[in-house]
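**Q** Dropping the structure in here first, questions after.
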There are 2 protein chains.
Amino acid sequence: MPENKPRDYLVGVDLGGTKILAGVFTLKLELIGQAKISTKAHRGVETVIERIAHCIHEVVDECDLSLKQIKAVGVGAPGTVDAKLGKVIFAPNLPGWKEVPLQKELEKALDLPVVVGNDCNLCTLGVHEVELKGKPRHMVGMFVGTGIGGGLILNGELYLGHNLTAGEVGHMVVAADGPKCGCGNRGCLEAVASRTALFRKVQAAIKAGQKTVLTDLLGNDLNDMRSGDLRKAIRRGDKVVERIVLEAAAFLGVGVASLINIVNPEVFVLGGGVIEALEGEMMPTIIKTAQQHVMAGTLKGAEIRASHLGDNAGITGAAVIARPRSK
Amino acid sequence: MPENKPRDYLVGVDLGGTKILAGVFTLKLELIGQAKISTKAHRGVETVIERIAHCIHEVVDECDLSLKQIKAVGVGAPGTVDAKLGKVIFAPNLPGWKEVPLQKELEKALDLPVVVGNDCNLCTLGVHEVELKGKPRHMVGMFVGTGIGGGLILNGELYLGHNLTAGEVGHMVVAADGPKCGCGNRGCLEAVASRTALFRKVQAAIKAGQKTVLTDLLGNDLNDMRSGDLRKAIRRGDKVVERIVLEAAAFLGVGVASLINIVNPEVFVLGGGVIEALEGEMMPTIIKTAQQHVMAGTLKGAEIRASHLGDNAGITGAAVIARPRSK
């Protein structure tokens, strides 16, 4: 059976601040199994690397395979990644992650070729390659979660730029002198439209005495609030949450328009946990606002859409970068 | 003498809302002569095309050449240009310019090959090819005049995007709900940092009773105010004008940073009449603000600088696009 021949599979890993997701893919990028464990980032760099290796062992075993049947491993990491050196330069959500030689360490642990990339770059690549079948020649991806990241596919290829850091669409300033961003600046798209921004606005509204069903849903401790809770609240008629979510969607639409004016892609894809949970609530406003803000002629034959790869975008893109070395 | 052989020269034309500039270049892109006439845009499309042809005749004659010694003509037009079809789709500053087959009309008038492009795309190309000797692999150009336009050189080539409209960096929203822009939206970089924006702010300050030496320089009618007048005012100690110019420079710095976060170029070049007139006043603030707003690692080995091609950037880039067809 060809399926059991050695080295016929790829592993894609999405390393996040709270969880590690790993998937086994065929060489045709069909996902055949996945595993998820918590990152335990506070335990330090070494532990996290061990946990990535552990998660890979788990998912390979889950698929009734062995590491000997894996051609290569791709890993998406949250932060600045030097794909050529295989290093994570800086990952703000992973304590201690500065200049970490992730590729080398994992290759040692697994005895397999490893390739690393920026997580949202890889999400963009995964959506382009699998969901859109590699068709759009120019595409922008924007992924809205705890933060906002993205990636550019230009002339059919992932565009990395001079220091391999291109695609930081969440740190485009859309509201000069706006709220403070995690990056240290003010008014970044991430500071007004990420999940972090949404939760901060909800908490401010509650403090200001505005009524929301979220306190019925979650009690007074809103620290566990998820994007799905915002959807539930809106569906129960919560006008406060609805206003906050639509404001964020309008900011995202402005950001999408700016990127369309700059990059003029054929397809603009939005994804990430916030879009996945609130697609029906946010996408109409995002698209309408973007259409109002783009220059004449930029959207001809072009499309703004939500990705439906969900959590799998990152592991899919990670499998894509694992593929070329393994051919 | 090889200089006098037929077809050893290129003509580059910069079509502006108020003036037409044409230059004769050698095939090595050395500028050997130039001519300038007013556009007379209000007289309509046909007149403007006749005047472009006239200006080309003038400059060729000025260089003691004949049209028979010209290989090809490149033209930069202000607005959306379909370079493939040779059409100006829409030029907001040229009344009546919608779907104008500029290439075809000029080829008929001159009996020479003509290539057209967007003016600020061509300024970027001119700076890249001549001022920077084609070296940066990834570069962004931003040109600040009546409006703000730009261009992207990615992987060593002018990047045009899906509808050939890429590089509209002036219509990136930096101040959501900010002042109204000529494009119909609010808070575009052009609406807060172009010459038009500067003049509007100066006029508002005067109306609000603030004292500026501009009224001494120009009288009460400030309609003829130029960027150079702002420089003169600042050098005479005008704090009102200085504040307005530095505010615009800070907005430009925010826009530069956003573009660096998105595109991660090796070189970011600023040019255009406002930068040319106010380089010493604006560039330090632009660079400082950009450095404060970029993501860690994006500026490593990278540079933000002013172009010194001045008015010649556009005709130089126009000569560049004339070149490939003529080889």
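Chain labels run A, B, ... following the order of the structure tokens; each chain numbers its residues from 1, and ligands are numbered from 1 in the order shown.
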Residues of chain A within 9 Å of chain B, counting only C-alpha atoms, what are they? List them as a VMD selection string.
**A** chain A and resid 80 89 to 90 137 to 138 150 to 152 154 to 155 159 to 178 183 to 188 251 254 to 255 257 to 266 292 to 302
**Q** What lies within 12 Å of Ile206 in chain A using only C-alpha atoms, ignoring chain neighbours under 5 positions off, as a list in words?
**A**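 Close residues of Ile206 in chain A: Phe199, Arg200, Lys201, Lys211, Thr212, Val213, Leu214, Thr215, Gly219, Asn220, Asp221, Leu222, Val240, Val241 and Ile244 of chain A.
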**Q** Store the residues of this selection in a file with N, CA and C atoms, as an mmCIF file, in the first residue's frame.
**A**
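Okay, again13.cif is ready:
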```cif
data_model
loop_
_atom_site.group_PDB
_atom_site.id
_atom_site.type_symbol
_atom_site.label_atom_id
_atom_site.label_comp_id
_atom_site.auth_asym_id
_atom_site.auth_seq_id
_atom_site.Cartn_x
_atom_site.Cartn_y
_atom_site.Cartn_z
ATOM 1 N N PHE A 199 -12.319 42.797 23.984
ATOM 2 C CA PHE A 199 -12.557 42.508 25.399
ATOM 3 C C PHE A 199 -12.319 43.740 26.262
ATOM 4 N N ARG A 200 -11.299 44.519 25.890
ATOM 5 C CA ARG A 200 -11.021 45.725 26.665
ATOM 6 C C ARG A 200 -12.208 46.695 26.574
ATOM 7 N N LYS A 201 -12.780 46.798 25.364
ATOM 8 C CA LYS A 201 -13.931 47.709 25.194
ATOM 9 C C LYS A 201 -15.157 47.220 25.948
ATOM 10 N N LYS A 211 -25.284 47.929 30.339
ATOM 11 C CA LYS A 211 -25.808 46.583 30.594
ATOM 12 C C LYS A 211 -25.479 45.652 29.420
ATOM 13 N N THR A 212 -24.929 44.477 29.758
ATOM 14 C CA THR A 212 -24.676 43.471 28.727
ATOM 15 C C THR A 212 -25.006 42.096 29.287
ATOM 16 N N VAL A 213 -25.493 41.220 28.420
ATOM 17 C CA VAL A 213 -25.859 39.880 28.884
ATOM 18 C C VAL A 213 -24.620 39.046 29.196
ATOM 19 N N LEU A 214 -23.437 39.577 28.851
ATOM 20 C CA LEU A 214 -22.202 38.833 29.126
ATOM 21 C C LEU A 214 -22.034 38.556 30.610
ATOM 22 N N THR A 215 -22.475 39.495 31.460
ATOM 23 C CA THR A 215 -22.353 39.272 32.901
ATOM 24 C C THR A 215 -23.287 38.135 33.347
ATOM 25 N N GLY A 219 -20.801 35.670 34.526
ATOM 26 C CA GLY A 219 -20.572 36.211 35.864
ATOM 27 C C GLY A 219 -19.750 37.480 35.763
ATOM 28 N N ASN A 220 -19.265 37.937 36.879
ATOM 29 C CA ASN A 220 -18.557 39.218 36.861
ATOM 30 C C ASN A 220 -17.104 39.092 36.415
ATOM 31 N N ASP A 221 -16.592 37.857 36.445
ATOM 32 C CA ASP A 221 -15.216 37.666 36.003
ATOM 33 C C ASP A 221 -15.203 37.385 34.499
ATOM 34 N N LEU A 222 -14.823 38.395 33.744
ATOM 35 C CA LEU A 222 -14.876 38.251 32.287
ATOM 36 C C LEU A 222 -13.537 37.793 31.709
ATOM 37 N N VAL A 240 -25.000 46.546 23.357
ATOM 38 C CA VAL A 240 -23.681 47.056 23.740
ATOM 39 C C VAL A 240 -22.591 46.254 23.030
ATOM 40 N N VAL A 241 -22.683 44.938 23.127
ATOM 41 C CA VAL A 241 -21.693 44.076 22.473
ATOM 42 C C VAL A 241 -21.772 44.238 20.953
ATOM 43 N N ILE A 244 -19.908 47.356 19.873
ATOM 44 C CA ILE A 244 -18.450 47.191 20.000
ATOM 45 C C ILE A 244 -17.904 46.313 18.876
#
```
**Q** Within 10 Å of range 280-289 of chain B, counting only C-alpha atoms, which residues qualify if same-chain residues fewer than 3 places away don't, as a PyMOL selection string?
**A** chain B and resi 230-231+234-235+242+245-257+270+274-277+292-294+303-306
**Q** Can you write out the residues you just picked, keeping N, CA, C and O atoms, as a short mmCIF file (atom, residue, chain, number, x, y, z; two decimals), in the first residue's frame?
**A**
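In the end it all went to selection-v8.cif:
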```
data_model
loop_
_atom_site.label_atom_id
_atom_site.label_comp_id
_atom_site.auth_asym_id
_atom_site.auth_seq_id
_atom_site.Cartn_x
_atom_site.Cartn_y
_atom_site.Cartn_z
N LEU B 230 6.13 77.93 2.80
CA LEU B 230 6.07 77.35 4.16
C LEU B 230 7.49 77.28 4.73
O LEU B 230 7.71 77.58 5.91
N ARG B 231 8.44 76.90 3.87
CA ARG B 231 9.84 76.83 4.32
C ARG B 231 10.33 78.22 4.75
O ARG B 231 10.90 78.39 5.82
N ILE B 234 8.87 79.20 8.09
CA ILE B 234 9.51 78.50 9.22
C ILE B 234 10.88 79.12 9.51
O ILE B 234 11.23 79.36 10.67
N ARG B 235 11.63 79.42 8.44
CA ARG B 235 12.99 79.97 8.65
C ARG B 235 12.94 81.38 9.22
O ARG B 235 13.90 81.85 9.81
N GLU B 242 5.33 76.15 11.48
CA GLU B 242 6.20 75.06 11.91
C GLU B 242 5.41 73.92 12.54
O GLU B 242 5.62 72.75 12.22
N VAL B 245 3.50 72.01 9.80
CA VAL B 245 4.40 71.20 8.96
C VAL B 245 4.90 69.98 9.74
O VAL B 245 4.96 68.87 9.21
N LEU B 246 5.22 70.18 11.03
CA LEU B 246 5.72 69.04 11.82
C LEU B 246 4.62 68.02 12.10
O LEU B 246 4.87 66.82 12.15
N GLU B 247 3.38 68.50 12.25
CA GLU B 247 2.24 67.58 12.41
C GLU B 247 2.10 66.70 11.18
O GLU B 247 1.90 65.49 11.27
N ALA B 248 2.20 67.34 10.01
CA ALA B 248 2.10 66.58 8.76
C ALA B 248 3.25 65.59 8.65
O ALA B 248 3.07 64.44 8.23
N ALA B 249 4.46 66.02 9.06
CA ALA B 249 5.62 65.13 9.02
C ALA B 249 5.41 63.92 9.92
O ALA B 249 5.77 62.80 9.57
N ALA B 250 4.80 64.14 11.08
CA ALA B 250 4.54 63.02 12.01
C ALA B 250 3.55 62.04 11.37
O ALA B 250 3.72 60.82 11.46
N PHE B 251 2.51 62.57 10.71
CA PHE B 251 1.57 61.68 10.01
C PHE B 251 2.30 60.89 8.91
O PHE B 251 2.07 59.70 8.73
N LEU B 252 3.17 61.57 8.17
CA LEU B 252 3.93 60.87 7.13
C LEU B 252 4.78 59.76 7.76
O LEU B 252 4.85 58.64 7.23
N GLY B 253 5.38 60.05 8.92
CA GLY B 253 6.19 59.04 9.61
C GLY B 253 5.37 57.83 10.02
O GLY B 253 5.82 56.68 9.89
N VAL B 254 4.14 58.07 10.47
CA VAL B 254 3.24 56.97 10.83
C VAL B 254 2.91 56.14 9.58
O VAL B 254 2.92 54.90 9.62
N GLY B 255 2.66 56.83 8.47
CA GLY B 255 2.37 56.12 7.22
C GLY B 255 3.57 55.32 6.73
O GLY B 255 3.43 54.17 6.29
N VAL B 256 4.75 55.91 6.83
CA VAL B 256 5.98 55.22 6.44
C VAL B 256 6.15 53.95 7.28
O VAL B 256 6.44 52.86 6.75
N ALA B 257 5.92 54.08 8.60
CA ALA B 257 6.07 52.92 9.49
C ALA B 257 5.07 51.82 9.13
O ALA B 257 5.43 50.64 9.07
N LEU B 270 11.28 59.04 0.09
CA LEU B 270 10.25 60.08 0.02
C LEU B 270 10.68 61.14 -0.98
O LEU B 270 11.86 61.52 -1.05
N VAL B 274 6.64 68.74 -1.86
CA VAL B 274 6.61 69.11 -0.44
C VAL B 274 7.91 68.67 0.24
O VAL B 274 8.52 69.44 0.99
N ILE B 275 8.36 67.46 -0.06
CA ILE B 275 9.60 66.95 0.56
C ILE B 275 10.79 67.74 0.02
O ILE B 275 11.72 68.09 0.77
N GLU B 276 10.75 68.06 -1.29
CA GLU B 276 11.85 68.81 -1.89
C GLU B 276 12.00 70.17 -1.22
O GLU B 276 13.10 70.60 -0.87
N ALA B 277 10.85 70.85 -1.01
CA ALA B 277 10.89 72.19 -0.42
C ALA B 277 11.18 72.17 1.07
O ALA B 277 11.77 73.10 1.62
N GLN B 292 9.95 55.07 15.61
CA GLN B 292 9.18 54.77 16.82
C GLN B 292 8.03 53.80 16.55
O GLN B 292 7.57 53.11 17.44
N HIS B 293 7.53 53.79 15.32
CA HIS B 293 6.31 53.02 15.02
C HIS B 293 6.55 51.69 14.32
O HIS B 293 5.59 50.94 14.13
N VAL B 294 7.77 51.40 13.88
CA VAL B 294 7.96 50.13 13.17
C VAL B 294 8.13 48.98 14.17
O VAL B 294 8.51 49.19 15.32
N GLU B 303 16.79 51.62 5.21
CA GLU B 303 17.05 53.06 5.18
C GLU B 303 15.80 53.82 4.76
O GLU B 303 15.07 53.39 3.86
N ILE B 304 15.57 54.97 5.42
CA ILE B 304 14.50 55.88 5.01
C ILE B 304 15.20 57.14 4.53
O ILE B 304 15.98 57.75 5.27
N ARG B 305 14.97 57.58 3.31
CA ARG B 305 15.72 58.72 2.78
C ARG B 305 14.88 59.57 1.83
O ARG B 305 13.86 59.13 1.30
N ALA B 306 15.35 60.79 1.61
CA ALA B 306 14.68 61.67 0.64
C ALA B 306 15.34 61.48 -0.73
O ALA B 306 16.55 61.29 -0.81
#
```
**Q** What's the 8 Å shell around Pro101 in chain B, counting only C-alpha atoms, without same-chain residues fewer than 4 positions away, as an MDAnalysis selection string?
**A** chainID B and resid 85:88 105
**Q** Pick out the closest residue to Asp238 in chain B from this set: B:Asp224, B:Glu279, B:Asp82, B:Asp216. Count only C-alpha atoms.
**A**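 Among the listed residues, B:Asp216 lies closest to Asp238 in chain B.
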